[in-house]
$ cat query_21.cif   # mmCIF, C-alpha atoms
data_coords
#
loop_
_atom_site.group_PDB
_atom_site.id
_atom_site.type_symbol
_atom_site.label_atom_id
_atom_site.label_comp_id
_atom_site.auth_asym_id
_atom_site.auth_seq_id
_atom_site.Cartn_x
_atom_site.Cartn_y
_atom_site.Cartn_z
ATOM 1 C CA MET A 1268 -34.919 8.603 -5.939
ATOM 2 C CA PHE A 1269 -34.610 5.615 -3.608
ATOM 3 C CA ASP A 1270 -37.778 3.772 -2.710
ATOM 4 C CA PHE A 1271 -36.848 0.806 -0.517
ATOM 5 C CA LEU A 1272 -40.441 -0.436 -0.475
ATOM 6 C CA LYS A 1273 -40.848 -0.729 -4.242
ATOM 7 C CA PRO A 1274 -41.651 -4.184 -5.632
ATOM 8 C CA GLU A 1275 -38.815 -6.313 -6.960
ATOM 9 C CA SER A 1276 -40.234 -6.097 -10.481
ATOM 10 C CA ALA A 1277 -39.401 -2.361 -10.655
ATOM 11 C CA ARG A 1278 -35.758 -2.436 -11.694
ATOM 12 C CA SER A 1279 -33.321 0.417 -12.259
ATOM 13 C CA THR A 1280 -32.053 1.234 -15.734
ATOM 14 C CA PRO A 1281 -28.400 2.163 -16.412
ATOM 15 C CA GLN A 1282 -29.517 5.783 -16.905
ATOM 16 C CA GLN A 1283 -31.157 5.836 -13.456
ATOM 17 C CA VAL A 1284 -28.032 4.312 -11.923
ATOM 18 C CA ALA A 1285 -25.897 6.922 -13.724
ATOM 19 C CA ARG A 1286 -28.136 9.726 -12.404
ATOM 20 C CA SER A 1287 -27.811 8.332 -8.872
ATOM 21 C CA LEU A 1288 -24.027 7.954 -9.231
ATOM 22 C CA ARG A 1289 -23.697 11.560 -10.393
ATOM 23 C CA TRP A 1290 -26.004 13.059 -7.758
ATOM 24 C CA LEU A 1291 -24.742 11.019 -4.810
ATOM 25 C CA GLY A 1292 -21.127 11.230 -6.024
ATOM 26 C CA TRP A 1293 -21.204 15.035 -5.967
ATOM 27 C CA ALA A 1294 -23.126 15.120 -2.665
ATOM 28 C CA GLY A 1295 -20.612 12.735 -1.080
ATOM 29 C CA PHE A 1296 -17.658 14.651 -2.546
ATOM 30 C CA TRP A 1297 -18.732 18.042 -1.169
ATOM 31 C CA LEU A 1298 -19.945 16.756 2.200
ATOM 32 C CA GLN A 1299 -16.761 14.761 2.775
ATOM 33 C CA ALA A 1300 -14.608 17.689 1.641
ATOM 34 C CA LEU A 1301 -16.387 20.037 4.075
ATOM 35 C CA LEU A 1302 -16.316 17.553 6.949
ATOM 36 C CA GLY A 1303 -12.734 16.567 6.175
ATOM 37 C CA PHE A 1304 -11.391 20.140 6.240
ATOM 38 C CA ILE A 1305 -10.944 20.269 10.034
ATOM 39 C CA PRO A 1306 -9.266 16.828 10.368
ATOM 40 C CA ILE A 1307 -6.915 17.661 7.485
ATOM 41 C CA LEU A 1308 -6.030 20.998 9.085
ATOM 42 C CA VAL A 1309 -5.511 19.460 12.547
ATOM 43 C CA VAL A 1310 -3.295 16.617 11.269
ATOM 44 C CA LEU A 1311 -1.199 18.937 9.105
ATOM 45 C CA THR A 1312 -0.630 21.445 11.921
ATOM 46 C CA SER A 1313 0.137 18.630 14.360
ATOM 47 C CA VAL A 1314 2.678 17.038 12.035
ATOM 48 C CA LEU A 1315 4.254 20.384 11.105
ATOM 49 C CA ALA A 1316 4.488 21.449 14.757
ATOM 50 C CA ARG A 1317 6.161 18.157 15.725
ATOM 51 C CA THR A 1318 8.624 18.170 12.848
ATOM 52 C CA ALA A 1319 9.606 21.767 13.654
ATOM 53 C CA GLN A 1320 10.910 20.522 17.022
ATOM 54 C CA PRO A 1321 14.297 18.791 16.781
ATOM 55 C CA MET A 1322 14.493 15.004 17.254
ATOM 56 C CA THR A 1323 10.759 14.479 17.833
ATOM 57 C CA MET A 1324 9.221 11.137 16.904
ATOM 58 C CA LEU A 1325 5.587 10.950 15.847
ATOM 59 C CA SER A 1326 3.363 8.988 18.209
ATOM 60 C CA LEU A 1327 1.121 6.081 17.214
ATOM 61 C CA GLY A 1328 -1.913 8.373 17.460
ATOM 62 C CA VAL A 1329 -0.406 10.795 14.960
ATOM 63 C CA TRP A 1330 0.464 7.933 12.582
ATOM 64 C CA LEU A 1331 -3.123 6.659 12.843
ATOM 65 C CA ALA A 1332 -4.395 10.184 12.181
ATOM 66 C CA ILE A 1333 -2.176 10.422 9.093
ATOM 67 C CA LEU A 1334 -3.488 7.048 7.886
ATOM 68 C CA CYS A 1335 -7.069 8.204 8.502
ATOM 69 C CA LEU A 1336 -6.324 11.392 6.556
ATOM 70 C CA ILE A 1337 -4.914 9.446 3.601
ATOM 71 C CA VAL A 1338 -7.973 7.166 3.490
ATOM 72 C CA LEU A 1339 -10.260 10.223 3.801
ATOM 73 C CA LEU A 1340 -8.532 11.925 0.848
ATOM 74 C CA PHE A 1341 -8.885 8.674 -1.137
ATOM 75 C CA SER A 1342 -12.591 8.536 -0.260
ATOM 76 C CA ILE A 1343 -13.132 12.142 -1.369
ATOM 77 C CA TYR A 1344 -11.451 11.290 -4.669
ATOM 78 C CA TRP A 1345 -13.525 8.086 -4.926
ATOM 79 C CA CYS A 1346 -16.780 10.061 -4.602
ATOM 80 C CA PHE A 1347 -15.581 12.265 -7.458
ATOM 81 C CA ARG A 1348 -14.804 9.080 -9.395
ATOM 82 C CA TYR A 1349 -18.474 8.044 -9.032
ATOM 83 C CA THR A 1350 -19.403 11.085 -11.138
ATOM 84 C CA ARG A 1351 -16.962 9.973 -13.876
ATOM 85 C CA LEU A 1352 -18.411 6.460 -13.667
ATOM 86 C CA ALA A 1353 -21.865 7.978 -14.253
ATOM 87 C CA SER A 1354 -20.657 9.495 -17.536
ATOM 88 C CA ARG A 1355 -19.336 6.113 -18.642
ATOM 89 C CA LEU A 1356 -22.625 4.414 -17.756
ATOM 90 C CA GLU A 1357 -24.577 6.830 -19.939
ATOM 91 C CA ASP A 1358 -22.457 5.981 -22.979
ATOM 92 C CA ARG A 1359 -23.359 2.532 -24.281
ATOM 93 C CA ASP A 1360 -19.879 2.022 -25.819
ATOM 94 C CA LEU A 1361 -17.986 2.898 -22.607
ATOM 95 C CA ARG A 1362 -20.397 1.276 -20.159
ATOM 96 C CA PRO A 1363 -18.541 -0.909 -17.621
ATOM 97 C CA ALA A 1364 -19.843 -4.274 -16.507
ATOM 98 C CA LYS A 1365 -22.176 -4.379 -13.532
ATOM 99 C CA ALA A 1366 -19.597 -6.426 -11.602
ATOM 100 C CA GLN A 1367 -16.988 -3.663 -12.100
ATOM 101 C CA VAL A 1368 -19.391 -0.996 -10.823
ATOM 102 C CA ILE A 1369 -20.195 -3.124 -7.772
ATOM 103 C CA ARG A 1370 -16.462 -3.697 -7.159
ATOM 104 C CA ASP A 1371 -15.822 0.081 -7.267
ATOM 105 C CA LEU A 1372 -18.700 0.752 -4.873
ATOM 106 C CA LYS A 1373 -17.504 -1.936 -2.464
ATOM 107 C CA LEU A 1374 -14.017 -0.412 -2.464
ATOM 108 C CA GLY A 1375 -15.556 2.947 -1.542
ATOM 109 C CA LEU A 1376 -17.569 1.269 1.204
ATOM 110 C CA VAL A 1377 -14.497 -0.447 2.673
ATOM 111 C CA ALA A 1378 -12.505 2.815 2.583
ATOM 112 C CA ASN A 1379 -15.231 4.693 4.457
ATOM 113 C CA ILE A 1380 -15.641 1.964 7.052
ATOM 114 C CA GLY A 1381 -11.858 2.173 7.479
ATOM 115 C CA ILE A 1382 -12.098 5.931 8.089
ATOM 116 C CA MET A 1383 -14.718 5.418 10.768
ATOM 117 C CA ALA A 1384 -12.821 2.559 12.422
ATOM 118 C CA ILE A 1385 -9.525 4.465 12.593
ATOM 119 C CA ALA A 1386 -11.200 7.675 13.792
ATOM 120 C CA VAL A 1387 -13.125 5.788 16.489
ATOM 121 C CA VAL A 1388 -9.907 4.153 17.750
ATOM 122 C CA ILE A 1389 -8.196 7.563 17.905
ATOM 123 C CA ALA A 1390 -11.222 9.152 19.594
ATOM 124 C CA LEU A 1391 -11.502 6.389 22.172
ATOM 125 C CA SER A 1392 -7.829 6.686 23.093
ATOM 126 C CA ARG A 1393 -7.887 10.501 23.236
ATOM 127 C CA VAL A 1394 -11.118 10.793 25.216
ATOM 128 C CA GLY A 1395 -10.052 7.868 27.433
ATOM 129 C CA ALA A 1396 -6.788 9.624 28.288
ATOM 130 C CA LEU A 1397 -8.657 12.844 29.141
ATOM 131 C CA THR A 1398 -11.157 10.903 31.243
ATOM 132 C CA LEU A 1399 -8.378 9.171 33.208
ATOM 133 C CA LYS A 1400 -6.770 12.546 33.917
ATOM 134 C CA MET A 1401 -10.104 13.959 35.064
ATOM 135 C CA LEU A 1402 -10.705 11.004 37.381
ATOM 136 C CA THR A 1403 -7.449 11.767 39.203
ATOM 137 C CA LEU A 1404 -8.727 15.227 40.184
ATOM 138 C CA PRO A 1405 -10.512 15.761 43.496
ATOM 139 C CA GLN A 1406 -14.262 16.153 43.209
ATOM 140 C CA GLY A 1407 -15.289 19.712 42.355
ATOM 141 C CA ALA A 1408 -11.893 20.716 40.924
ATOM 142 C CA THR A 1409 -11.722 23.094 37.974
ATOM 143 C CA VAL A 1410 -10.937 21.348 34.718
ATOM 144 C CA VAL A 1411 -10.671 24.488 32.577
ATOM 145 C CA ALA A 1412 -9.150 27.697 33.939
ATOM 146 C CA PRO A 1413 -11.962 30.260 33.345
ATOM 147 C CA ASN A 1414 -10.114 33.592 33.831
ATOM 148 C CA GLN A 1415 -7.256 33.256 31.372
ATOM 149 C CA ILE A 1416 -6.315 36.270 29.256
ATOM 150 C CA GLY A 1417 -5.569 35.621 25.604
ATOM 151 C CA THR A 1418 -6.596 32.907 23.227
ATOM 152 C CA THR A 1419 -5.900 29.866 25.384
ATOM 153 C CA LEU A 1420 -8.337 28.659 27.985
ATOM 154 C CA GLY A 1421 -6.067 26.305 29.842
ATOM 155 C CA ALA A 1422 -3.451 27.363 32.322
ATOM 156 C CA ALA A 1423 -0.494 25.180 33.170
ATOM 157 C CA GLY A 1424 -1.838 22.034 34.768
ATOM 158 C CA THR A 1425 -5.392 22.300 33.402
ATOM 159 C CA LEU A 1426 -6.680 19.255 31.631
ATOM 160 C CA ILE A 1427 -8.906 20.535 28.871
ATOM 161 C CA THR A 1428 -7.327 22.950 26.428
ATOM 162 C CA PRO A 1429 -8.593 24.345 23.134
ATOM 163 C CA SER A 1430 -6.298 21.947 21.293
ATOM 164 C CA ASN A 1431 -8.018 19.005 23.047
ATOM 165 C CA MET A 1432 -11.434 20.251 21.958
ATOM 166 C CA ILE A 1433 -10.273 20.912 18.383
ATOM 167 C CA ALA A 1434 -8.776 17.405 18.194
ATOM 168 C CA ILE A 1435 -12.027 15.852 19.450
ATOM 169 C CA HIS A 1436 -13.999 17.937 16.944
ATOM 170 C CA ALA A 1437 -11.658 16.748 14.175
ATOM 171 C CA MET A 1438 -12.222 13.100 15.152
ATOM 172 C CA ILE A 1439 -16.000 13.557 15.139
ATOM 173 C CA SER A 1440 -15.773 15.272 11.737
ATOM 174 C CA ALA A 1441 -13.716 12.360 10.367
ATOM 175 C CA ILE A 1442 -16.278 9.867 11.674
ATOM 176 C CA ALA A 1443 -19.076 11.937 10.089
ATOM 177 C CA ALA A 1444 -17.197 12.066 6.755
ATOM 178 C CA GLY A 1445 -16.798 8.283 6.853
ATOM 179 C CA LEU A 1446 -20.496 7.913 7.650
ATOM 180 C CA VAL A 1447 -21.449 10.101 4.671
ATOM 181 C CA GLY A 1448 -19.264 8.009 2.370
ATOM 182 C CA THR A 1449 -20.678 4.773 3.777
ATOM 183 C CA ILE A 1450 -24.267 5.937 3.234
ATOM 184 C CA VAL A 1451 -23.467 7.037 -0.330
ATOM 185 C CA SER A 1452 -21.829 3.677 -1.120
ATOM 186 C CA LEU A 1453 -24.673 1.661 0.410
ATOM 187 C CA LEU A 1454 -27.352 3.644 -1.458
ATOM 188 C CA LEU A 1455 -25.489 3.205 -4.724
ATOM 189 C CA LEU A 1456 -24.950 -0.521 -4.098
ATOM 190 C CA TYR A 1457 -28.687 -0.855 -3.515
ATOM 191 C CA GLN A 1458 -29.441 1.058 -6.713
ATOM 192 C CA VAL A 1459 -27.011 -1.031 -8.784
ATOM 193 C CA GLY A 1460 -28.457 -4.203 -7.228
ATOM 194 C CA GLN A 1461 -31.849 -3.151 -8.588
ATOM 195 C CA GLN A 1462 -30.446 -2.644 -12.094
ATOM 196 C CA ARG A 1463 -32.169 -4.555 -14.843
ATOM 197 C CA VAL A 1464 -29.889 -6.911 -16.783
ATOM 198 C CA PRO A 1465 -30.164 -5.990 -20.494
ATOM 199 C CA GLN A 1466 -31.675 -8.642 -22.713
ATOM 200 C CA SER A 1467 -29.288 -9.916 -25.389
#
$ encode --input "query_21.cif" --output "structure tokens"
Amino acid sequence: MFDFLKPESARSTPQQVARSLRWLGWAGFWLQALLGFIPILVVLTSVLARTAQPMTMLSLGVWLAILCLIVLLFSIYWCFRYTRLASRLEDRDLRPAKAQVIRDLKLGLVANIGIMAIAVVIALSRVGALTLKMLTLPQGATVVAPNQIGTTLGAAGTLITPSNMIAIHAMISAIAAGLVGTIVSLLLLYQVGQQRVPQS
């Protein structure tokens, strides 16, 4: 589908661009939806748990996570929108201008870079805080209590708990979802850039 070594004379037609938009739009939609499931679940449970407690303010990290979640949901929708754009490209009467298609793809690219940037900031702060706590322990100390009964691994005073690991997994999933969206947008921008301008 994408041959980056093809000569410049081989240009893409609107039908080829539409096929790429449909295929990559659906691939990006499903991959981002699957990767975004854990971050969405973690943010929702975190917000619901905090609001259930009286007089609890949300921290900056939670607000950033909510922002990342909103941009991720927008990006999932935007990948679906690529499939609708493909249908419009196939119809000569509804076909948008090349500049409009490029503008839509650039918006998707910016949104996905935003997801990655926000998730990296959250991950750096969360992992940095855990690292600072671990550095305060004496050498050879236990970080996770191994003999706990029940579903939690951490006893009172342990540093790494299942919620820490789930939060880190959610941040990595959000970064991966942003990476998928970025790759989809870049491949589509390349394909549209190769589109032949119709002769009038």
$ closest_residue --input "query_21.cif" --among "A:Ser1287, A:Gln1282, A:Thr1312, A:Ser1342" --to "Ala1444 in chain A" --atoms "only C-alpha atoms"
A:Ser1342
$ resolve_selection --input "query_21.cif" --expression "the PyMOL selection byres ((chain A and resi 1449) around 12)" --output "PyMOL selection string"
chain A and resi 1291-1292+1295+1299+1339+1342-1343+1345-1346+1372-1384+1442-1448+1450-1456
$ atom_distance --input "query_21.cif" --atom1 "CA of Lys1365 in chain A" --atom2 "CA of Val1338 in chain A"
25.0 Å
$ closest_residue --input "query_21.cif" --among "A:Ile1435, A:Ala1332, A:Met1401, A:Leu1327" --to "Ser1313 in chain A" --atoms "all atoms listed in the file"
A:Ala1332
$ atom_distance --input "query_21.cif" --atom1 "CA of Arg1359 in chain A" --atom2 "CA of Tyr1457 in chain A"
21.7 Å
$ closest_residue --input "query_21.cif" --among "A:Phe1347, A:Arg1355, A:Ile1337, A:Ile1433" --to "Trp1293 in chain A" --atoms "only C-alpha atoms"
A:Phe1347
$ atom_distance --input "query_21.cif" --atom1 "CA of Arg1286 in chain A" --atom2 "CA of Tyr1349 in chain A"
10.4 Å
$ residues_around --input "query_21.cif" --residues "Val1310 in chain A" --least-positions-apart "3" --cutoff "8 Å" --atoms "all atoms listed in the file" --output "ChimeraX atom specification"
/A:1306-1307,1313-1314,1329,1332-1333,1336
$ closest_residue --input "query_21.cif" --among "A:Leu1361, A:Leu1288, A:Leu1298, A:Leu1352" --to "Ala1441 in chain A" --atoms "all atoms listed in the file"
A:Leu1298
$ closest_residue --input "query_21.cif" --among "A:Val1284, A:Leu1301, A:Ala1434, A:Val1387" --to "Gln1458 in chain A" --atoms "all atoms listed in the file"
A:Val1284
$ resolve_selection --input "query_21.cif" --expression "the PyMOL selection byres ((chain A and resi 1393) around 12)" --output "PyMOL selection string"
chain A and resi 1327-1329+1332+1386-1392+1394-1400+1427+1430-1439
$ closest_residue --input "query_21.cif" --among "A:Ala1285, A:Ile1385, A:Ser1279, A:Gln1406" --to "Pro1363 in chain A" --atoms "only C-alpha atoms"
A:Ala1285
$ axis_aligned_box --input "query_21.cif" --around "range 1374-1379 of chain A" --padding-each-side "5 Å" --output "AutoDock Vina command-line options"
--center_x -15.0 --center_y 2.1 --center_z 1.0 --size_x 15.1 --size_y 15.1 --size_z 16.9
